[in-house]
Structure formats: structure tokens, C-alpha cells
Amino acid sequence: VSALALTIVLSLFLLTRFAVVCGCFLVGNRSWSWPEAVVQLLVYAIHWKMAQTARASASVQGPCDLRLLTWNIDGLDNVHDIAMRAGAVCDVIEKEKPGIVLLQEVVSENIGVLTERLMSTYSILAPSMETSRYFTAILTRYDVCDTSASSHKVVTFPMSTMSRDLIIMSGVVLSKTQHRIAVCTAHLESLGRESAERKRQLAMTYSEMTELRDTHDAVLYGGDTNLRAAEVRSCRAPAGIENAWEKCGSPQDARYTFDIKSNDNNLRKGWDGPPIQTQYDKVFWAGGRRSSSKEGTLVPKVFRLIGKEKLPAGCYARDHSRDLSRDLNTDRTLCQSD
């Protein structure tokens, strides 16, 4: 009882509600005693405080270089070791240091690894964790994004048979330039037979992005859309919303994010379909109507694929054989010409 009381007191003193949540997580998800959990909580608190200090001291001068990573990390794959693959995902994130990370197919077996490895550097939002077997998450880097005044919203897709939803984090402020952005992610309905539902979900996503443009400098979506080529042609984006891959010049070396030919994870799981090469994973960008920042307009500049290396165990970190990352830069010239 005394150890529990000490944990609560330390939690309230150090990080208030954040620390309490972390303390419960550490004890509930690890075979630690309360004293061991207290020590780990102190370590995490120190790391978190260092990250907060770094964010507070971030310069507000100069152009913004925002890197966004979206990744279906295939938590439903029970053939290849989930914890090992989650660790490989963390390796990539720690190496690339994106300001925003959007994850799909997160499960209880890998959220613990992600939290333990990344919570000192990233704020982790996974609001559907308690209600879905697998879910999505938004990670924002403390020294890049100020989320102190942000809010989040979960848009449920009412016709989904797979518990899919859209997570929106609005009011995120970039520390360097004070741009106000909104970030969205969703894992749209899977399987070819669910085309109609997938298109409904895409339409809802476009609608939410359009509304968010009024109060933000930019609106960003990244996620596994599962969209087939014919669906993309039939579901034109509203004016102002663009495919970041196309806006960056449609680089052919970043064309396929789901590529059976170069990633054999699905073959190991018994894939008996054709060797698909497609771009299920997409990033949509919309310039905001707010556009009041003096530091320039946020526009996509670079679109590339990362995380393509095979792990020592002989598999890949995920079945989406190439995962996309892009840089968003403030373009002073574009801003001046507007």
C-alpha cells in the first residue's frame, strides 16, 4: 500500500495526469513490482521533462522542416514476431526522427514496445485502444509539435464491419514557425469486396479535411487507404486536397507502398493471390484557409519510402513493403507570391 501511495504522490508531483497513466501502464503491462515501477516512472519522467525543455527552447526563427511518417505496422501478423518487428519500427523512427508519426494496425502486443521506446520523445495518442482489437495512433515529437492546446476527435465510420475510424488531432502548433496544423489518420476498410464502404470512408475523410482548412494553416492525412486504382479514379478529391506523392512529382521509386514482389511477408503467411504492386498507403495534403503565419506556406517537397530493409530474422518489419515519409517545408517564395 505504501508503495502504491508513493507512486501516486510522485505521479502527481512530476507529471500529474500523464504520469498516473504511465504508472498504471508500466505496472499493468510489465512483470514489475511497484518499487520497480516507481524507478521506471522516474526515468520516464526525467526523459519527458528533458523533451519538454527542448520543445520550450526550440527556435521560432527560420523555415520549418516537418517530416511526417505514415506506417501500417501489421500488428495482425501472428506469424512473424510482433515485439521484434515493433522494435524494428522504433529503430526506424529513432533514426529518421519524424515530427509526426501515423500508425495503423497497432495492437496491445506492440503498443507496449512503442510506448517504452518512444514515450520520452513522442506524445502518443491512441484513443480507440480500449475499444478495438487493433487501432491507429498519432505520435507527435515534443520538440517539433506543441500539443498543449490541441484536441482530438474520433470519427466513427458507422457502416464499417471492421471497427474502422478516423482520428483527428487539431490545433497542433509547430514550435519553430507557429503554423497551426491538423493531423488525421485512418485505416480504411480492407478487402476488395468492401469497395463501397471504403469509398464512403474516403468521402467522410475528405469532408473532415475540408472543414478543418478553415481554422488551420495546413491539414495532413496519412494512412493505409486500401484504395484500388479504379476507386481512386472514381473518388476525386475536393478542390484544395492533393495527393502528396503526386504533388512531389510522382517519384517512381516511391510509387508502391504494398509490393508483394519486394516484400515476402505475405507469402510467408500463405498469400495465394497475384504479386500485387500498388499504393495503398497515401498522404493527402490541404493548404489551410487560415494561412496567417509569417513564416511561409507549408507545402510537400519530398516524398520517399523508408523501412525497406529485411530484418535479421528473415522477415520485414511489416507487410506494407515500403513505407512513406515526406518532408513539408515552408516555401517563402510561394508565400510571397500569394
# chains A, B, ... in the order shown; residues from 1 in each chain; ligands from 1
$ residues_around --residues "Glu231 (chain A)" --least-positions-apart "6" --cutoff "12 Å" --atoms "only C-alpha atoms" --output "mmCIF file with N, CA and C atoms, in the first residue's frame"
data_model
loop_
_atom_site.group_PDB
_atom_site.id
_atom_site.type_symbol
_atom_site.label_atom_id
_atom_site.label_comp_id
_atom_site.auth_asym_id
_atom_site.auth_seq_id
_atom_site.Cartn_x
_atom_site.Cartn_y
_atom_site.Cartn_z
ATOM 1 N N GLY A 192 -11.250 -6.419 -51.237
ATOM 2 C CA GLY A 192 -11.829 -5.928 -52.472
ATOM 3 C C GLY A 192 -13.331 -5.799 -52.428
ATOM 4 N N GLU A 194 -15.194 -4.774 -50.184
ATOM 5 C CA GLU A 194 -15.660 -3.643 -49.369
ATOM 6 C C GLU A 194 -15.444 -2.302 -50.066
ATOM 7 N N SER A 195 -15.454 -2.314 -51.385
ATOM 8 C CA SER A 195 -15.176 -1.097 -52.142
ATOM 9 C C SER A 195 -16.137 0.034 -51.808
ATOM 10 N N ALA A 196 -17.419 -0.254 -51.752
ATOM 11 C CA ALA A 196 -18.407 0.795 -51.498
ATOM 12 C C ALA A 196 -18.198 1.448 -50.139
ATOM 13 N N GLU A 197 -17.940 0.633 -49.120
ATOM 14 C CA GLU A 197 -17.713 1.173 -47.790
ATOM 15 C C GLU A 197 -16.414 1.975 -47.739
ATOM 16 N N ARG A 198 -15.409 1.491 -48.423
ATOM 17 C CA ARG A 198 -14.122 2.189 -48.450
ATOM 18 C C ARG A 198 -14.293 3.582 -49.074
ATOM 19 N N LYS A 199 -15.068 3.682 -50.129
ATOM 20 C CA LYS A 199 -15.297 4.973 -50.776
ATOM 21 C C LYS A 199 -16.116 5.899 -49.880
ATOM 22 N N ARG A 200 -17.045 5.338 -49.114
ATOM 23 C CA ARG A 200 -17.788 6.161 -48.149
ATOM 24 C C ARG A 200 -16.846 6.725 -47.093
ATOM 25 N N GLN A 201 -15.944 5.900 -46.612
ATOM 26 C CA GLN A 201 -14.992 6.350 -45.597
ATOM 27 C C GLN A 201 -14.054 7.423 -46.148
ATOM 28 N N LEU A 202 -13.647 7.267 -47.391
ATOM 29 C CA LEU A 202 -12.795 8.272 -48.018
ATOM 30 C C LEU A 202 -13.547 9.597 -48.144
ATOM 31 N N ALA A 203 -14.808 9.533 -48.528
ATOM 32 C CA ALA A 203 -15.613 10.752 -48.650
ATOM 33 C C ALA A 203 -15.747 11.455 -47.298
ATOM 34 N N THR A 225 -5.055 3.384 -46.985
ATOM 35 C CA THR A 225 -6.381 3.615 -47.549
ATOM 36 C C THR A 225 -6.988 2.360 -48.172
ATOM 37 N N ALA A 237 -10.727 13.954 -55.266
ATOM 38 C CA ALA A 237 -10.606 14.772 -54.058
ATOM 39 C C ALA A 237 -11.212 16.146 -54.290
ATOM 40 N N TYR A 280 -1.359 1.535 -51.568
ATOM 41 C CA TYR A 280 -2.441 1.588 -50.596
ATOM 42 C C TYR A 280 -2.246 2.749 -49.619
#
$ residues_around --residues "region 105-121 of chain A" --least-positions-apart "3" --cutoff "7 Å" --atoms "only C-alpha atoms" --output "PyMOL selection string"
chain A and resi 44+47-48+51+72-76+82-83+86-87+90+133-136+141-142
$ closest_residue --among "A:Asp259, A:Asp143, A:Glu246, A:Glu211" --to "Lys282 (chain A)" --atoms "only C-alpha atoms"
A:Glu246
$ closest_residue --among "A:Asp217, A:Met204, A:Asp65, A:Pro251" --to "Lys176 (chain A)" --atoms "only C-alpha atoms"
A:Asp65
$ residues_around --residues "region 240-245 of chain A" --least-positions-apart "3" --cutoff "6 Å" --atoms "only C-alpha atoms" --output "PyMOL selection string"
chain A and resi 237+248+250+283-286+303
$ atom_distance --atom1 "CA of Gln279 (chain A)" --atom2 "CA of Ala186 (chain A)"
15.2 Å
$ select_by_dssp --residues "region 67-160 of chain A" --states "helix (DSSP H, G or I)" --output "list in words"
Ile82, Ala83, Met84, Arg85, Ala86, Gly87, Ala88, Val89, Cys90, Asp91, Val92, Ile93, Glu94, Lys95, Glu96, Ser108, Glu109, Asn110, Ile111, Gly112, Val113, Leu114, Thr115, Glu116, Arg117 and Leu118 of chain A
$ residues_around --residues "Pro127 (chain A)" --least-positions-apart "2" --cutoff "9 Å" --atoms "only C-alpha atoms" --output "tab-separated table (two decimals) with N, CA, C and O atoms, in the first residue's frame"
chain	number	residue	atom	x	y	z
A	125	LEU	N	-0.98	9.31	-29.02
A	125	LEU	CA	-2.44	9.38	-28.96
A	125	LEU	C	-3.02	8.15	-29.64
A	125	LEU	O	-2.80	7.93	-30.83
A	129	MET	N	-7.83	2.57	-28.44
A	129	MET	CA	-7.11	1.42	-27.90
A	129	MET	C	-7.99	0.55	-27.00
A	129	MET	O	-7.87	-0.66	-26.98
A	130	GLU	N	-8.90	1.17	-26.27
A	130	GLU	CA	-9.72	0.43	-25.31
A	130	GLU	C	-10.92	-0.23	-25.95
A	130	GLU	O	-11.57	-1.08	-25.33
A	131	THR	N	-11.26	0.15	-27.18
A	131	THR	CA	-12.50	-0.35	-27.79
A	131	THR	C	-12.27	-1.24	-29.00
A	131	THR	O	-13.22	-1.88	-29.46
A	135	PHE	N	-5.94	-0.81	-33.82
A	135	PHE	CA	-6.32	0.59	-33.84
A	135	PHE	C	-5.22	1.42	-34.49
A	135	PHE	O	-4.19	0.88	-34.92
A	136	THR	N	-5.45	2.72	-34.57
A	136	THR	CA	-4.47	3.65	-35.14
A	136	THR	C	-3.92	4.55	-34.05
A	136	THR	O	-4.50	4.66	-32.96
A	137	ALA	N	-2.80	5.19	-34.34
A	137	ALA	CA	-2.18	6.07	-33.34
A	137	ALA	C	-1.50	7.25	-34.04
A	137	ALA	O	-1.03	7.13	-35.18
A	152	HIS	N	-8.46	16.30	-29.78
A	152	HIS	CA	-8.61	15.21	-30.74
A	152	HIS	C	-10.07	14.79	-30.86
A	152	HIS	O	-10.88	15.06	-29.98
A	153	LYS	N	-10.35	14.17	-31.97
A	153	LYS	CA	-11.71	13.76	-32.29
A	153	LYS	C	-11.65	12.41	-32.99
A	153	LYS	O	-10.78	12.17	-33.83
A	154	VAL	N	-12.55	11.52	-32.64
A	154	VAL	CA	-12.67	10.22	-33.29
A	154	VAL	C	-13.95	10.21	-34.11
A	154	VAL	O	-15.04	10.37	-33.55
A	167	ILE	N	-9.07	9.28	-36.87
A	167	ILE	CA	-8.60	10.06	-35.73
A	167	ILE	C	-8.10	11.41	-36.24
A	167	ILE	O	-7.32	11.47	-37.19
